[in-house]
Amino acid sequence: MSRKQNIENLFHTNLKDKISFGQSKHADKAIQNLSFGESTYKIYSYSTYNTYLKECTAYARWLAEEKGIKKTDDISKTEQYAKEYLQSRVDSGVSIYTAKMERSALGMLYSKKIDFEMPARDSKNITRSRLNVEGDKHYSQDGKYKDVFTLAKATGGRRSDLSKLTVDSFVEKGGHLYVKFQQSKGGRDRLTYVREEYRQQIQDIIQKTKEDGKTKLLHKIPGRIDVHGLRREYCKGLYLEIKDNKELRDDILKNYPTRHEYKTQKDADGNSFTKEIKRDYYRDRDGNVYDRDTIYACSQCLGHNRLDVSITHYLKN
C-alpha cells in the first residue's frame, strides 16, 4: 500500500509532471489524433502552470478545511469532490470566467474533463476595459510612455507580448507589416498584423531603438496602463479596417489555418455530438451580425481561437 502524502505536495507534483514547455500543443494533438475540444493534458506555458498551481493549491486547502482530507495515497480518490468545489465557488459569487478557469485547472489535475455545467453568462455583464480606467488617466498617450500606447494599439499584444518586443520582432509580408509574438499565452507563437494607421510610428520606434544601440523596444510598461483596453481598441480598429477590404482580410488570413468551426450539441436522447458550422455570418444574442472570416482574422491576430470571445470581449460596447 502506498504511503499517504500531503495533498498540496501531490497536486504540485502532478502538475509539474505535465510540464511541456517549448513543445507544440498542435503537434501533440495531431500525434494523439485528438478531435476538437479534446485536451492533451499537458501544460505548455509558464503562465498556465502558475495559474493552475495556484488554483489547485486553493482546492487542496478547501479539501482540508471542508472535507478533512489533508493526505492521500491517490489523488483520484479526491476527484469526487471536484464538482462540489466548483459549485461552492459559483455560489460564492466568483465570475463565470474564474469558475471556468478553475474547472480547467481541475481537469488538468485529474487528466479528464470535469462535467460541471456553468451558469449562462450574459455578455452585457462583461465590463472589463469597457469603461474609462482610472489608472490610464495618470498617463498621457503622447507622454513618457507614448511608445507603449502606440505598440499596444498597433499590434493588440498582451502585456507580456509587448514586454518581449525587439527590433527583430517585425517582418514585412505581402506589402504589410506584421509582428512576431514569441511564446505568447498558452506557449504559442503567432504572427499578427500591424494596423496600417500605426505602421510609420512603429518603424520610427524601431529606428530610434537601433540608433540608441538597443534591441528591446520597451523597458517598462506601468501596471496601471490598461493594456487589455488597448487590445480592445486594436480589435475594433482592425475590424473596421478589414470588414470592407476583402483583399486585405484575405492577405491576413493566408497566415493562419483555414477556418473550421465546430459546435458540440446534445440530441433528443442527451447524447453529445459535434458538427462543423458552415454559416458565413455570426449573429449574436442581440441580433448583431458579423462576417465570420473577418472575426476569424481578428481572433487569430489577438491569439484567440473562439470567435465569440472577440465579439463579447473586444467588439461590443
# chains A, B, ... in the order shown; residues from 1 in each chain; ligands from 1
>>> residues_around(residues="Gly303 (chain A)", least_positions_apart="5", cutoff="9 Å", atoms="only C-alpha atoms", output="PDB file with N, CA and C atoms, in the first residue's frame")
ATOM      1  N   GLY A 157      -1.103  43.427 -28.719  1.00  0.00           N
ATOM      2  CA  GLY A 157      -0.369  42.487 -27.885  1.00  0.00           C
ATOM      3  C   GLY A 157      -0.774  42.539 -26.421  1.00  0.00           C
ATOM      4  N   SER A 184       3.621  33.418 -26.598  1.00  0.00           N
ATOM      5  CA  SER A 184       2.514  34.188 -26.047  1.00  0.00           C
ATOM      6  C   SER A 184       1.676  33.293 -25.139  1.00  0.00           C
ATOM      7  N   LYS A 185       0.477  33.732 -24.785  1.00  0.00           N
ATOM      8  CA  LYS A 185      -0.382  32.974 -23.875  1.00  0.00           C
ATOM      9  C   LYS A 185      -0.584  31.555 -24.395  1.00  0.00           C
ATOM     10  N   ARG A 188       2.146  29.701 -27.192  1.00  0.00           N
ATOM     11  CA  ARG A 188       2.085  29.727 -28.650  1.00  0.00           C
ATOM     12  C   ARG A 188       2.789  30.937 -29.247  1.00  0.00           C
ATOM     13  N   ASP A 189       3.413  30.736 -30.404  1.00  0.00           N
ATOM     14  CA  ASP A 189       3.931  31.844 -31.202  1.00  0.00           C
ATOM     15  C   ASP A 189       2.822  32.246 -32.176  1.00  0.00           C
ATOM     16  N   ARG A 190       2.778  33.523 -32.534  1.00  0.00           N
ATOM     17  CA  ARG A 190       1.791  33.925 -33.538  1.00  0.00           C
ATOM     18  C   ARG A 190       2.283  35.132 -34.318  1.00  0.00           C
ATOM     19  N   THR A 192       1.005  38.553 -36.112  1.00  0.00           N
ATOM     20  CA  THR A 192      -0.129  39.476 -36.001  1.00  0.00           C
ATOM     21  C   THR A 192       0.057  40.677 -36.919  1.00  0.00           C
ATOM     22  N   CYS A 298      -9.539  38.696 -36.955  1.00  0.00           N
ATOM     23  CA  CYS A 298      -9.321  39.472 -35.724  1.00  0.00           C
ATOM     24  C   CYS A 298      -8.931  38.540 -34.576  1.00  0.00           C
TER      25      CYS A 298
END
>>> residues_around(residues="region 21-36 of chain A", least_positions_apart="3", cutoff="9 Å", atoms="only C-alpha atoms", output="list of chain:residue names")
A:Ser39, A:Thr40, A:Lys42, A:Ile43, A:Tyr44, A:Ser45, A:Tyr46, A:Gln183, A:Gly186, A:Gly187, A:Arg188, A:Tyr262, A:Thr274
>>> write_last_selection(atoms="C-alpha atoms", output="PDB file, in the first residue's frame")
ATOM      1  CA  SER A  39      -7.023  18.054 -24.406  1.00  0.00           C
ATOM      2  CA  THR A  40      -3.521  16.602 -24.367  1.00  0.00           C
ATOM      3  CA  LYS A  42      -0.037  18.812 -20.891  1.00  0.00           C
ATOM      4  CA  ILE A  43       0.990  22.322 -19.802  1.00  0.00           C
ATOM      5  CA  TYR A  44       2.752  24.390 -22.446  1.00  0.00           C
ATOM      6  CA  SER A  45       3.388  27.752 -20.783  1.00  0.00           C
ATOM      7  CA  TYR A  46       4.744  29.121 -17.516  1.00  0.00           C
ATOM      8  CA  GLN A 183       5.755  32.303 -26.526  1.00  0.00           C
ATOM      9  CA  GLY A 186      -0.566  29.189 -23.895  1.00  0.00           C
ATOM     10  CA  GLY A 187       3.057  28.974 -25.065  1.00  0.00           C
ATOM     11  CA  ARG A 188       2.085  29.727 -28.650  1.00  0.00           C
ATOM     12  CA  TYR A 262     -17.270  23.232 -34.567  1.00  0.00           C
ATOM     13  CA  THR A 274     -20.056  17.715 -32.695  1.00  0.00           C
TER      14      THR A 274
END
>>> closest_residue(among="A:Asp269, A:Tyr85, A:Lys278, A:His304", to="Glu66 (chain A)", atoms="only C-alpha atoms")
A:Tyr85
>>> residues_around(residues="region 239-247 of chain A", least_positions_apart="4", cutoff="9 Å", atoms="only C-alpha atoms", output="list in words")
Arg195, Glu196, Tyr234, Cys235, Asp251, Ile252, Asp291, Thr294, Ile295, Ala297, Cys298 and Leu315 of chain A
>>> select_by_dssp(residues="region 52-284 of chain A", states="strand (DSSP E)", output="count of residues only")
31
>>> residues_around(residues="Lys71 (chain A)", least_positions_apart="5", cutoff="7 Å", atoms="only C-alpha atoms", output="ChimeraX atom specification")
/A:4-7
>>> write_last_selection(atoms="C-alpha atoms", output="PDB file, in the first residue's frame")
ATOM      1  CA  LYS A   4      -0.255   8.785   2.232  1.00  0.00           C
ATOM      2  CA  GLN A   5       1.248  12.149   1.365  1.00  0.00           C
ATOM      3  CA  ASN A   6       0.293  15.790   1.775  1.00  0.00           C
ATOM      4  CA  ILE A   7      -2.339  16.657  -0.867  1.00  0.00           C
TER       5      ILE A   7
END
>>> closest_residue(among="A:Gly270, A:Met118, A:Lys144, A:Lys220", to="Asp91 (chain A)", atoms="only C-alpha atoms")
A:Met118
>>> residues_around(residues="Asn9 (chain A)", least_positions_apart="5", cutoff="10 Å", atoms="only C-alpha atoms", output="short mmCIF file (atom, residue, chain, number, x, y, z; two decimals) with N, CA and C atoms, in the first residue's frame")
data_model
loop_
_atom_site.label_atom_id
_atom_site.label_comp_id
_atom_site.auth_asym_id
_atom_site.auth_seq_id
_atom_site.Cartn_x
_atom_site.Cartn_y
_atom_site.Cartn_z
N ASN A 14 1.93 16.43 -9.45
CA ASN A 14 1.11 16.02 -10.59
C ASN A 14 1.19 17.05 -11.72
N THR A 57 -3.88 24.50 -5.56
CA THR A 57 -3.49 24.68 -4.16
C THR A 57 -4.68 25.16 -3.34
N ALA A 60 -6.89 22.22 -2.81
CA ALA A 60 -6.34 21.32 -1.79
C ALA A 60 -6.66 21.85 -0.39
N LYS A 71 -4.26 14.38 3.51
CA LYS A 71 -3.31 13.45 2.91
C LYS A 71 -4.07 12.37 2.15
#
>>> closest_residue(among="A:Leu15, A:Ile225, A:Leu230, A:Leu307", to="Tyr145 (chain A)", atoms="only C-alpha atoms")
A:Ile225
>>> residues_around(residues="region 199-202 of chain A", least_positions_apart="5", cutoff="12 Å", atoms="only C-alpha atoms", output="PDB file with C-alpha atoms, in the first residue's frame")
ATOM      1  CA  LYS A 146       3.818  57.030 -25.763  1.00  0.00           C
ATOM      2  CA  ASP A 147       5.584  54.014 -27.303  1.00  0.00           C
ATOM      3  CA  VAL A 148       3.678  51.633 -25.001  1.00  0.00           C
ATOM      4  CA  PHE A 149       0.331  53.013 -26.170  1.00  0.00           C
ATOM      5  CA  THR A 150       1.422  53.024 -29.819  1.00  0.00           C
ATOM      6  CA  LEU A 151       2.708  49.440 -29.825  1.00  0.00           C
ATOM      7  CA  ALA A 152      -0.371  48.180 -27.967  1.00  0.00           C
ATOM      8  CA  LYS A 153      -2.847  49.881 -30.300  1.00  0.00           C
ATOM      9  CA  ALA A 154      -0.861  48.848 -33.370  1.00  0.00           C
ATOM     10  CA  THR A 155      -0.423  45.160 -32.513  1.00  0.00           C
ATOM     11  CA  LEU A 165       9.302  43.026 -28.434  1.00  0.00           C
ATOM     12  CA  THR A 166      12.655  43.735 -30.081  1.00  0.00           C
ATOM     13  CA  VAL A 167      13.822  45.418 -33.276  1.00  0.00           C
ATOM     14  CA  SER A 169      10.108  41.231 -33.949  1.00  0.00           C
ATOM     15  CA  PHE A 170       8.632  42.790 -37.083  1.00  0.00           C
ATOM     16  CA  VAL A 171       8.513  41.439 -40.621  1.00  0.00           C
ATOM     17  CA  GLU A 172       7.181  42.620 -43.987  1.00  0.00           C
ATOM     18  CA  GLY A 175       3.315  44.623 -48.574  1.00  0.00           C
ATOM     19  CA  HIS A 176       2.051  44.613 -44.982  1.00  0.00           C
ATOM     20  CA  LEU A 177       3.835  44.838 -41.638  1.00  0.00           C
ATOM     21  CA  TYR A 178       3.449  42.007 -39.109  1.00  0.00           C
ATOM     22  CA  VAL A 179       4.759  41.385 -35.608  1.00  0.00           C
ATOM     23  CA  TYR A 193      -1.000  42.179 -38.488  1.00  0.00           C
ATOM     24  CA  VAL A 194       0.198  45.682 -37.594  1.00  0.00           C
ATOM     25  CA  GLN A 207      14.717  53.026 -35.995  1.00  0.00           C
ATOM     26  CA  LYS A 208      15.149  55.084 -32.822  1.00  0.00           C
ATOM     27  CA  THR A 209      15.833  51.943 -30.770  1.00  0.00           C
ATOM     28  CA  LEU A 217      11.634  48.313 -27.726  1.00  0.00           C
TER      29      LEU A 217
END
>>> decode(residues="region 238-296 of chain A", atoms="C-alpha atoms", output="PDB file, in the first residue's frame")
ATOM      1  CA  LEU A 238      -8.760  46.114 -37.209  1.00  0.00           C
ATOM      2  CA  TYR A 239     -12.358  45.001 -37.722  1.00  0.00           C
ATOM      3  CA  LEU A 240     -13.247  48.350 -39.299  1.00  0.00           C
ATOM      4  CA  GLU A 241     -10.075  48.262 -41.404  1.00  0.00           C
ATOM      5  CA  ILE A 242     -10.741  44.860 -42.974  1.00  0.00           C
ATOM      6  CA  LYS A 243     -14.519  44.352 -42.944  1.00  0.00           C
ATOM      7  CA  ASP A 244     -14.936  46.193 -46.248  1.00  0.00           C
ATOM      8  CA  ASN A 245     -11.472  45.356 -47.570  1.00  0.00           C
ATOM      9  CA  LYS A 246     -11.718  41.713 -48.632  1.00  0.00           C
ATOM     10  CA  GLU A 247      -8.286  41.788 -50.287  1.00  0.00           C
ATOM     11  CA  LEU A 248      -6.546  42.871 -47.075  1.00  0.00           C
ATOM     12  CA  ARG A 249      -8.602  40.444 -44.985  1.00  0.00           C
ATOM     13  CA  ASP A 250      -7.686  37.544 -47.273  1.00  0.00           C
ATOM     14  CA  ASP A 251      -3.987  38.543 -47.183  1.00  0.00           C
ATOM     15  CA  ILE A 252      -4.089  38.386 -43.378  1.00  0.00           C
ATOM     16  CA  LEU A 253      -5.922  35.042 -43.418  1.00  0.00           C
ATOM     17  CA  LYS A 254      -3.144  33.482 -45.504  1.00  0.00           C
ATOM     18  CA  ASN A 255      -1.044  33.425 -42.331  1.00  0.00           C
ATOM     19  CA  TYR A 256      -3.475  31.175 -40.453  1.00  0.00           C
ATOM     20  CA  PRO A 257      -5.085  27.752 -40.898  1.00  0.00           C
ATOM     21  CA  THR A 258      -8.317  27.660 -42.874  1.00  0.00           C
ATOM     22  CA  ARG A 259     -11.242  28.500 -40.623  1.00  0.00           C
ATOM     23  CA  HIS A 260     -13.032  25.428 -39.306  1.00  0.00           C
ATOM     24  CA  GLU A 261     -15.572  25.945 -36.540  1.00  0.00           C
ATOM     25  CA  TYR A 262     -17.270  23.232 -34.567  1.00  0.00           C
ATOM     26  CA  LYS A 263     -20.153  23.193 -32.147  1.00  0.00           C
ATOM     27  CA  THR A 264     -20.992  20.500 -29.606  1.00  0.00           C
ATOM     28  CA  GLN A 265     -24.679  19.866 -29.018  1.00  0.00           C
ATOM     29  CA  LYS A 266     -26.893  17.228 -27.458  1.00  0.00           C
ATOM     30  CA  ASP A 267     -29.521  15.213 -29.303  1.00  0.00           C
ATOM     31  CA  ALA A 268     -33.007  14.356 -28.039  1.00  0.00           C
ATOM     32  CA  ASP A 269     -31.566  11.431 -26.060  1.00  0.00           C
ATOM     33  CA  GLY A 270     -28.998  13.639 -24.313  1.00  0.00           C
ATOM     34  CA  ASN A 271     -26.038  12.292 -26.303  1.00  0.00           C
ATOM     35  CA  SER A 272     -23.361  14.827 -27.254  1.00  0.00           C
ATOM     36  CA  PHE A 273     -22.310  15.244 -30.876  1.00  0.00           C
ATOM     37  CA  THR A 274     -20.056  17.715 -32.695  1.00  0.00           C
ATOM     38  CA  LYS A 275     -20.795  19.324 -36.037  1.00  0.00           C
ATOM     39  CA  GLU A 276     -18.976  21.842 -38.216  1.00  0.00           C
ATOM     40  CA  ILE A 277     -20.506  25.304 -38.583  1.00  0.00           C
ATOM     41  CA  LYS A 278     -20.880  26.217 -42.246  1.00  0.00           C
ATOM     42  CA  ARG A 279     -22.519  29.648 -41.973  1.00  0.00           C
ATOM     43  CA  ASP A 280     -20.624  32.699 -43.253  1.00  0.00           C
ATOM     44  CA  TYR A 281     -22.140  35.066 -40.695  1.00  0.00           C
ATOM     45  CA  TYR A 282     -22.276  35.161 -36.906  1.00  0.00           C
ATOM     46  CA  ARG A 283     -25.406  36.517 -35.230  1.00  0.00           C
ATOM     47  CA  ASP A 284     -25.154  37.271 -31.503  1.00  0.00           C
ATOM     48  CA  ARG A 285     -27.950  37.277 -28.942  1.00  0.00           C
ATOM     49  CA  ASP A 286     -28.591  40.975 -29.508  1.00  0.00           C
ATOM     50  CA  GLY A 287     -29.125  40.465 -33.235  1.00  0.00           C
ATOM     51  CA  ASN A 288     -25.787  41.954 -34.337  1.00  0.00           C
ATOM     52  CA  VAL A 289     -24.371  40.284 -37.439  1.00  0.00           C
ATOM     53  CA  TYR A 290     -20.650  39.782 -38.111  1.00  0.00           C
ATOM     54  CA  ASP A 291     -18.777  38.257 -41.027  1.00  0.00           C
ATOM     55  CA  ARG A 292     -17.128  35.079 -39.720  1.00  0.00           C
ATOM     56  CA  ASP A 293     -13.953  35.364 -41.813  1.00  0.00           C
ATOM     57  CA  THR A 294     -13.435  38.940 -40.618  1.00  0.00           C
ATOM     58  CA  ILE A 295     -13.951  37.931 -36.990  1.00  0.00           C
ATOM     59  CA  TYR A 296     -11.666  34.933 -37.515  1.00  0.00           C
TER      60      TYR A 296
END
